>>> print(open('run.txt').read())   # compact mmCIF, C-alpha atoms
# COMPACT_ATOMS: atom_id res chain seq x y z
CA MET A 483 -198.67 -94.71 118.93
CA LEU A 484 -200.02 -91.16 119.18
CA LYS A 485 -203.45 -90.39 117.83
CA ASN A 486 -204.51 -86.87 116.91
CA ARG A 487 -207.46 -85.37 115.10
CA ILE A 488 -206.52 -82.89 112.38
CA ASN A 489 -209.33 -81.20 110.47
CA ASN A 490 -211.70 -83.87 111.80
CA TYR A 491 -209.61 -86.63 110.25
CA GLU A 492 -208.26 -89.44 112.39
CA ARG A 493 -204.62 -90.31 111.82
CA THR A 494 -202.07 -92.38 113.68
CA VAL A 495 -198.45 -91.33 114.18
CA VAL A 496 -195.99 -94.22 114.49
CA GLN A 497 -192.32 -93.84 115.34
CA ARG A 498 -189.86 -96.71 115.24
CA PHE A 499 -186.29 -97.76 114.48
CA ILE A 500 -185.09 -99.98 111.63
CA PRO A 501 -181.60 -101.54 111.45
CA ALA A 502 -178.87 -100.05 109.26
CA ALA A 503 -175.11 -100.31 108.92
CA THR A 504 -174.52 -97.14 110.97
CA GLY A 505 -176.97 -98.11 113.69
CA PRO A 506 -180.74 -97.83 114.12
CA ILE A 507 -182.53 -95.49 111.71
CA TRP A 508 -185.54 -93.55 112.99
CA LEU A 509 -188.74 -93.43 110.96
CA THR A 510 -191.83 -91.35 111.65
CA GLY A 511 -195.00 -92.61 109.99
CA TRP A 512 -198.39 -91.00 109.39
CA LEU A 513 -201.00 -93.69 108.87
CA GLY A 514 -204.68 -93.47 108.04
CA GLY A 515 -207.37 -95.53 109.66
CA GLY A 516 -209.50 -95.73 112.75
CA LEU A 517 -208.70 -95.86 116.43
CA ASP A 518 -207.13 -99.30 116.07
CA GLY A 519 -204.42 -97.79 113.85
CA GLY A 520 -205.37 -99.96 110.88
CA LEU A 521 -204.06 -98.85 107.52
CA GLY A 522 -207.02 -99.80 105.39
CA ASP A 523 -207.16 -101.48 102.00
CA ASN A 524 -205.91 -98.41 100.12
CA ASP A 525 -202.65 -97.98 102.01
CA ARG A 526 -199.91 -96.83 99.61
CA PRO A 527 -196.61 -96.18 101.41
CA LEU A 528 -194.46 -93.18 100.50
CA LEU A 529 -190.99 -92.40 101.87
CA PHE A 530 -190.19 -88.74 102.55
CA VAL A 531 -186.50 -87.82 102.35
CA PRO A 532 -185.79 -84.37 103.86
CA PRO A 533 -183.32 -81.72 102.69
CA LEU A 534 -179.82 -81.84 104.11
CA PHE A 535 -178.15 -79.93 106.95
CA GLY A 536 -179.83 -76.67 108.07
CA GLU A 537 -182.54 -76.93 105.42
CA MET A 538 -183.73 -80.15 107.04
CA ASN A 539 -185.08 -78.47 110.18
CA ARG A 540 -186.60 -75.55 108.30
CA CYS A 541 -188.63 -77.89 106.06
CA ARG A 542 -189.64 -80.62 108.49
CA ARG A 543 -193.04 -79.10 109.30
CA LEU A 544 -193.76 -78.56 105.60
CA MET A 545 -193.11 -82.23 104.87
CA ALA A 546 -195.13 -83.37 107.86
CA ASP A 547 -198.12 -81.25 106.80
CA CYS A 548 -197.86 -82.62 103.25
CA ALA A 549 -197.69 -86.17 104.61
CA MET A 550 -200.83 -85.70 106.71
CA LEU A 551 -202.72 -84.36 103.70
CA LEU A 552 -201.62 -87.36 101.63
CA VAL A 553 -202.86 -89.73 104.33
CA GLN A 554 -206.33 -88.33 103.69
CA GLN A 555 -205.92 -89.41 100.04
CA GLY A 556 -205.27 -93.05 100.96
CA PHE A 557 -201.47 -93.05 101.38
CA SER A 558 -199.31 -93.88 104.34
CA CYS A 559 -196.28 -91.61 104.68
CA TRP A 560 -192.97 -92.16 106.40
CA MET A 561 -190.13 -89.69 106.97
CA ILE A 562 -186.57 -90.79 107.65
CA ASP A 563 -184.06 -89.27 110.05
CA LEU A 564 -180.83 -89.73 108.11
CA PRO A 565 -177.84 -91.16 110.01
CA GLY A 566 -176.30 -88.44 112.14
CA THR A 567 -179.53 -86.41 112.27
CA GLY A 568 -182.55 -86.37 114.58
CA GLU A 569 -182.96 -89.64 116.43
CA SER A 570 -180.64 -91.62 114.11
CA GLU A 571 -177.49 -91.18 116.15
CA THR A 572 -174.21 -91.82 114.36
CA ASP A 573 -170.66 -90.57 114.93
CA PRO A 574 -170.42 -87.74 112.34
CA ALA A 575 -166.68 -88.27 112.03
CA LEU A 576 -167.38 -91.71 110.51
CA LEU A 577 -170.35 -90.74 108.34
CA THR A 578 -170.16 -91.24 104.57
CA LEU A 579 -172.51 -90.51 101.70
CA ASP A 580 -172.88 -94.27 101.24
CA ASP A 581 -174.37 -94.40 104.75
CA TRP A 582 -177.11 -92.00 103.68
CA HIS A 583 -177.72 -93.95 100.46
CA ASP A 584 -177.95 -97.18 102.45
CA ALA A 585 -180.35 -95.68 105.00
CA VAL A 586 -182.75 -94.45 102.32
CA ASP A 587 -182.62 -97.79 100.51
CA ARG A 588 -183.28 -99.72 103.72
CA ALA A 589 -186.16 -97.46 104.71
CA ALA A 590 -187.75 -97.71 101.26
CA SER A 591 -187.46 -101.50 101.39
CA ASP A 592 -188.74 -101.73 104.96
CA ILE A 593 -191.97 -99.83 104.29
CA LYS A 594 -192.31 -101.28 100.76
CA ALA A 595 -192.43 -97.75 99.38
CA GLU A 596 -194.46 -97.06 96.27
CA ALA A 597 -192.48 -93.87 95.66
CA ILE A 598 -189.89 -91.50 97.13
CA ILE A 599 -190.82 -87.89 97.97
CA ALA A 600 -187.76 -85.67 98.40
CA LEU A 601 -186.91 -82.01 98.89
CA ARG A 602 -183.73 -80.29 97.81
CA GLY A 603 -180.61 -82.35 98.55
CA GLY A 604 -182.66 -85.34 99.68
CA ALA A 605 -183.34 -86.03 96.01
CA ILE A 606 -179.79 -87.31 95.42
CA LEU A 607 -179.98 -90.06 98.04
CA GLY A 608 -180.67 -93.76 97.59
CA ARG A 609 -179.11 -96.06 95.03
CA GLN A 610 -181.08 -99.30 95.14
CA SER A 611 -184.31 -97.32 95.50
CA GLN A 612 -183.69 -95.44 92.25
CA HIS A 613 -185.95 -97.94 90.46
CA LEU A 614 -188.85 -96.42 92.40
CA PRO A 615 -190.70 -93.35 91.11
CA HIS A 616 -189.15 -90.19 92.58
CA TRP A 617 -191.02 -86.90 93.12
CA SER A 618 -188.81 -84.01 94.15
CA LEU A 619 -189.11 -80.30 94.79
CA ALA A 620 -186.30 -77.83 94.08
CA ALA A 621 -183.79 -80.67 93.80
CA ILE A 622 -180.10 -79.77 93.96
CA ASP A 623 -177.01 -81.90 93.38
CA GLY A 624 -174.00 -82.45 95.59
CA PRO A 625 -171.70 -79.76 94.15
CA THR A 626 -174.46 -77.16 94.63
CA ILE A 627 -174.88 -78.25 98.25
CA ILE A 628 -171.15 -77.91 98.84
CA ARG A 629 -171.03 -74.44 97.23
CA GLU A 630 -173.88 -73.22 99.43
CA LEU A 631 -172.25 -74.68 102.55
CA LEU A 632 -168.92 -73.05 101.73
CA ARG A 633 -170.60 -69.66 101.27
CA LEU A 634 -172.15 -70.11 104.70
CA ARG A 635 -168.80 -71.04 106.25
CA MET A 636 -167.03 -68.06 104.62
CA ALA A 637 -169.73 -65.70 105.87
CA ASN A 638 -169.37 -67.10 109.39
CA ASP A 639 -165.60 -66.76 109.17
CA ARG A 640 -165.92 -63.11 108.16
CA GLY A 641 -168.16 -62.48 111.14
CA LEU A 642 -165.37 -63.84 113.36
CA GLY A 643 -162.77 -61.66 111.66
CA LEU A 644 -161.26 -64.60 109.79
CA SER A 645 -160.37 -64.85 106.13
CA SER A 646 -161.10 -67.99 104.13
CA THR A 647 -161.55 -68.86 100.48
CA SER A 648 -163.56 -71.50 98.71
CA ALA A 649 -160.37 -73.20 97.52
CA GLN A 650 -158.94 -73.32 101.04
CA LEU A 651 -162.11 -74.77 102.49
CA MET A 652 -162.42 -77.34 99.70
CA ALA A 653 -158.91 -78.58 100.45
CA LEU A 654 -159.58 -78.64 104.19
CA GLY A 655 -162.90 -80.44 103.76
CA SER A 656 -161.36 -83.16 101.62
CA ALA A 657 -158.38 -83.65 103.95
CA LYS A 658 -159.81 -83.21 107.45
CA GLY A 659 -163.52 -82.42 107.17
CA LEU A 660 -165.39 -79.22 107.98
CA ASN A 661 -167.75 -77.84 110.60
CA ILE A 662 -170.35 -75.70 108.85
CA GLY A 663 -173.34 -74.18 110.59
CA GLY A 664 -173.10 -76.66 113.44
CA TYR A 665 -172.90 -79.69 111.14
CA TRP A 666 -169.76 -81.77 110.87
CA LEU A 667 -168.89 -83.07 107.39
CA SER A 668 -166.36 -85.89 107.52
CA PRO A 669 -163.81 -85.99 104.69
CA ALA A 670 -165.67 -88.96 103.19
CA LEU A 671 -169.03 -87.18 103.32
CA PHE A 672 -167.51 -83.97 101.97
CA GLU A 673 -165.93 -85.80 99.02
CA GLY A 674 -169.06 -87.82 98.35
CA LEU A 675 -171.27 -84.75 98.18
CA SER A 676 -168.74 -82.89 96.04
CA ASN A 677 -169.13 -85.44 93.25
CA ILE A 678 -172.73 -86.66 93.22
CA ILE A 679 -175.20 -85.35 90.66
CA PHE A 680 -178.99 -85.46 90.53
CA PRO A 681 -180.20 -88.82 89.13
CA TYR A 682 -182.12 -87.90 86.00
CA ASN A 683 -184.07 -90.86 84.64
CA ASN A 684 -187.57 -91.84 83.56
CA ASN A 685 -188.60 -92.49 87.16
CA VAL A 686 -187.92 -88.92 88.28
CA ILE A 687 -190.19 -85.89 88.18
CA SER A 688 -188.67 -82.72 89.57
CA TYR A 689 -190.83 -79.71 90.43
CA GLN A 690 -189.60 -76.16 90.88
CA LEU A 691 -191.26 -73.21 92.61
CA GLU A 692 -192.93 -70.66 90.34
CA THR A 693 -190.72 -68.03 91.96
CA ASN A 694 -187.56 -69.75 90.73
CA SER A 695 -185.74 -67.15 88.64
CA LYS A 696 -183.95 -69.74 86.51
CA LYS A 697 -185.56 -70.79 83.29
CA THR A 698 -186.63 -74.39 83.48
CA ASP A 699 -188.77 -76.90 81.65
CA SER A 700 -189.72 -78.52 84.96
CA PRO A 701 -193.32 -78.41 86.22
CA THR A 702 -193.89 -75.76 88.88
CA LEU A 703 -196.04 -75.19 91.93
CA GLN A 704 -196.85 -72.16 94.05
CA GLY A 705 -195.03 -71.64 97.30
CA GLU A 706 -192.10 -70.01 98.98
CA PRO A 707 -188.63 -71.45 99.58
CA MET A 708 -189.07 -72.50 103.19
CA TRP A 709 -185.49 -73.79 103.18
CA ARG A 710 -184.28 -70.18 102.86
CA HIS A 711 -186.06 -68.94 105.97
CA ALA A 712 -184.01 -68.01 109.00
CA GLU A 713 -186.21 -70.16 111.25
CA PRO A 714 -188.45 -73.20 110.78
CA GLY A 715 -191.89 -72.18 109.55
CA ARG A 716 -195.18 -73.49 108.28
CA SER A 717 -197.06 -73.05 105.00
CA LEU A 718 -200.25 -75.05 104.70
CA PRO A 719 -200.99 -73.72 101.18
CA MET A 720 -197.60 -74.96 99.98
CA ALA A 721 -198.09 -78.33 101.69
CA ALA A 722 -201.46 -78.62 99.94
CA ALA A 723 -199.92 -77.72 96.56
CA MET A 724 -197.29 -80.43 97.06
CA ALA A 725 -199.87 -83.02 98.10
CA ASN A 726 -202.07 -82.22 95.10
CA ALA A 727 -199.12 -82.49 92.70
CA ILE A 728 -197.98 -85.79 94.22
CA THR A 729 -201.48 -87.28 94.17
CA THR A 730 -202.00 -86.29 90.53
CA TRP A 731 -198.60 -87.71 89.59
CA LEU A 732 -199.15 -91.07 91.29
CA ASP A 733 -202.71 -91.49 90.04
>>> encode(input="run.txt", output="C-alpha cells")
Amino acid sequence: MLKNRINNYERTVVQRFIPAATGPIWLTGWLGGGLDGGLGDNDRPLLFVPPLFGEMNRCRRLMADCAMLLVQQGFSCWMIDLPGTGESETDPALLTLDDWHDAVDRAASDIKAEAIIALRGGAILGRQSQHLPHWSLAAIDGPTIIRELLRLRMANDRGLGLSSTSAQLMALGSAKGLNIGGYWLSPALFEGLSNIIFPYNNNVISYQLETNSKKTDSPTLQGEPMWRHAEPGRSLPMAAAMANAITTWLD
C-alpha cells in the first residue's frame, strides 16, 4: 500500500490482481480512511473503466484525479487494466471482446461495485454488470471506435507512402487482424468491436462535453476532450466537474 496526502486528505492506494479467464487482471484502488488503510462506514465502491487504445493513456490521469476527489466524498474507487493493457498481460493475438466484457464483470463483482464509471469506449464493456448503474462521459460504440482507428491507420499509411482504404482495412482486420497505432487488434476483437453498440437502458446516464458540436439531449459538463490530445495531460477542473456530476447522480 502507498499512502499519500493530497490537499491535506489522507488516501490509500491499493494495487492488486484478480483472476480472470485471460490471466490476472490488475486493479488500482483509491481508498479513504486513516493510516491503517481502513475504508470507513461510508465506503461505496465504484469501478472505473477507461477508454480504449490510445485514448486510455491520455485519460488515465483524468480518471485518477476524479477517483481521488470521489474518495473525499465517501466512495472507494477502482480502475481496471483491461486484458492486454497495462499490467494485465495477455497475448493480443488471442484477445476477444468477450475477454474485456468478462474482465469488467469480474472486477465489478470482486469489489462489489455500486456503479460503473466509464469514458468513451469503456462504456460498451461488461455484460453481467449491465444491471449496475452506469455513468459515462462521451460514450462511443464499437463501430465508431473502428472508424476512428481506421482513419488513424490510413493516415499512418499515407505518411509511409502507402495507399489503403477503409474497405481494404476492414477486410484485413476481419481476416487477419490489424496493427493500429501500436495496438494489435485480433480478428475476433476487430469483429467484436465492429458490431457492438452502446447499451442504452434505464441504468445508464451518458454525459457529453458542452463543446460537443452534435446536438444531444444528454446532460453536459464543462471540460475539454482529453482523449484528443497528442499527449497525456491533466485537467483538475474537468476531474472536479466529473466528480460533482457523479456524486449528484448517485445521491
>>> atom_distance(input="run.txt", atom1="atom CA of Leu579 of chain A", atom2="atom CA of Ala600 of chain A")
16.3 Å
>>> closest_residue(input="run.txt", among="A:Asn677, A:Met538, A:Leu732, A:Met708", to="Leu552 of chain A", atoms="all atoms listed in the file")
A:Leu732
>>> atom_distance(input="run.txt", atom1="atom CA of Ala549 of chain A", atom2="atom CA of Trp731 of chain A")
15.1 Å
>>> residues_around(input="run.txt", residues="Leu564 of chain A", least_positions_apart="4", cutoff="9 Å", atoms="all atoms listed in the file", output="mmCIF file with C-alpha atoms, in the coordinates of the input")
data_model
loop_
_atom_site.group_PDB
_atom_site.id
_atom_site.type_symbol
_atom_site.label_atom_id
_atom_site.label_comp_id
_atom_site.auth_asym_id
_atom_site.auth_seq_id
_atom_site.Cartn_x
_atom_site.Cartn_y
_atom_site.Cartn_z
ATOM 1 C CA ILE A 507 -182.530 -95.490 111.710
ATOM 2 C CA TRP A 508 -185.540 -93.550 112.990
ATOM 3 C CA VAL A 531 -186.500 -87.820 102.350
ATOM 4 C CA PRO A 532 -185.790 -84.370 103.860
ATOM 5 C CA LEU A 534 -179.820 -81.840 104.110
ATOM 6 C CA GLY A 568 -182.550 -86.370 114.580
ATOM 7 C CA GLU A 569 -182.960 -89.640 116.430
ATOM 8 C CA SER A 570 -180.640 -91.620 114.110
ATOM 9 C CA GLU A 571 -177.490 -91.180 116.150
ATOM 10 C CA ASP A 581 -174.370 -94.400 104.750
ATOM 11 C CA TRP A 582 -177.110 -92.000 103.680
ATOM 12 C CA ALA A 585 -180.350 -95.680 105.000
ATOM 13 C CA VAL A 586 -182.750 -94.450 102.320
#
>>> closest_residue(input="run.txt", among="A:Asp580, A:Asp733, A:Asp623, A:Glu713", to="Ile679 of chain A", atoms="only C-alpha atoms")
A:Asp623
>>> atom_distance(input="run.txt", atom1="atom CA of Met545 of chain A", atom2="atom CA of Glu673 of chain A")
28.0 Å
>>> closest_residue(input="run.txt", among="A:Leu577, A:Ala723, A:Val686, A:Ala590", to="Cys559 of chain A", atoms="all atoms listed in the file")
A:Ala590
>>> closest_residue(input="run.txt", among="A:Trp709, A:Tyr689, A:Trp666, A:Phe557", to="Leu576 of chain A", atoms="all atoms listed in the file")
A:Trp666
>>> axis_aligned_box(input="run.txt", around="segment 663-681 of chain A", padding_each_side="3 Å", output="AutoDock Vina command-line options")
--center_x -172.0 --center_y -81.6 --center_z 101.3 --size_x 22.4 --size_y 20.8 --size_z 30.3
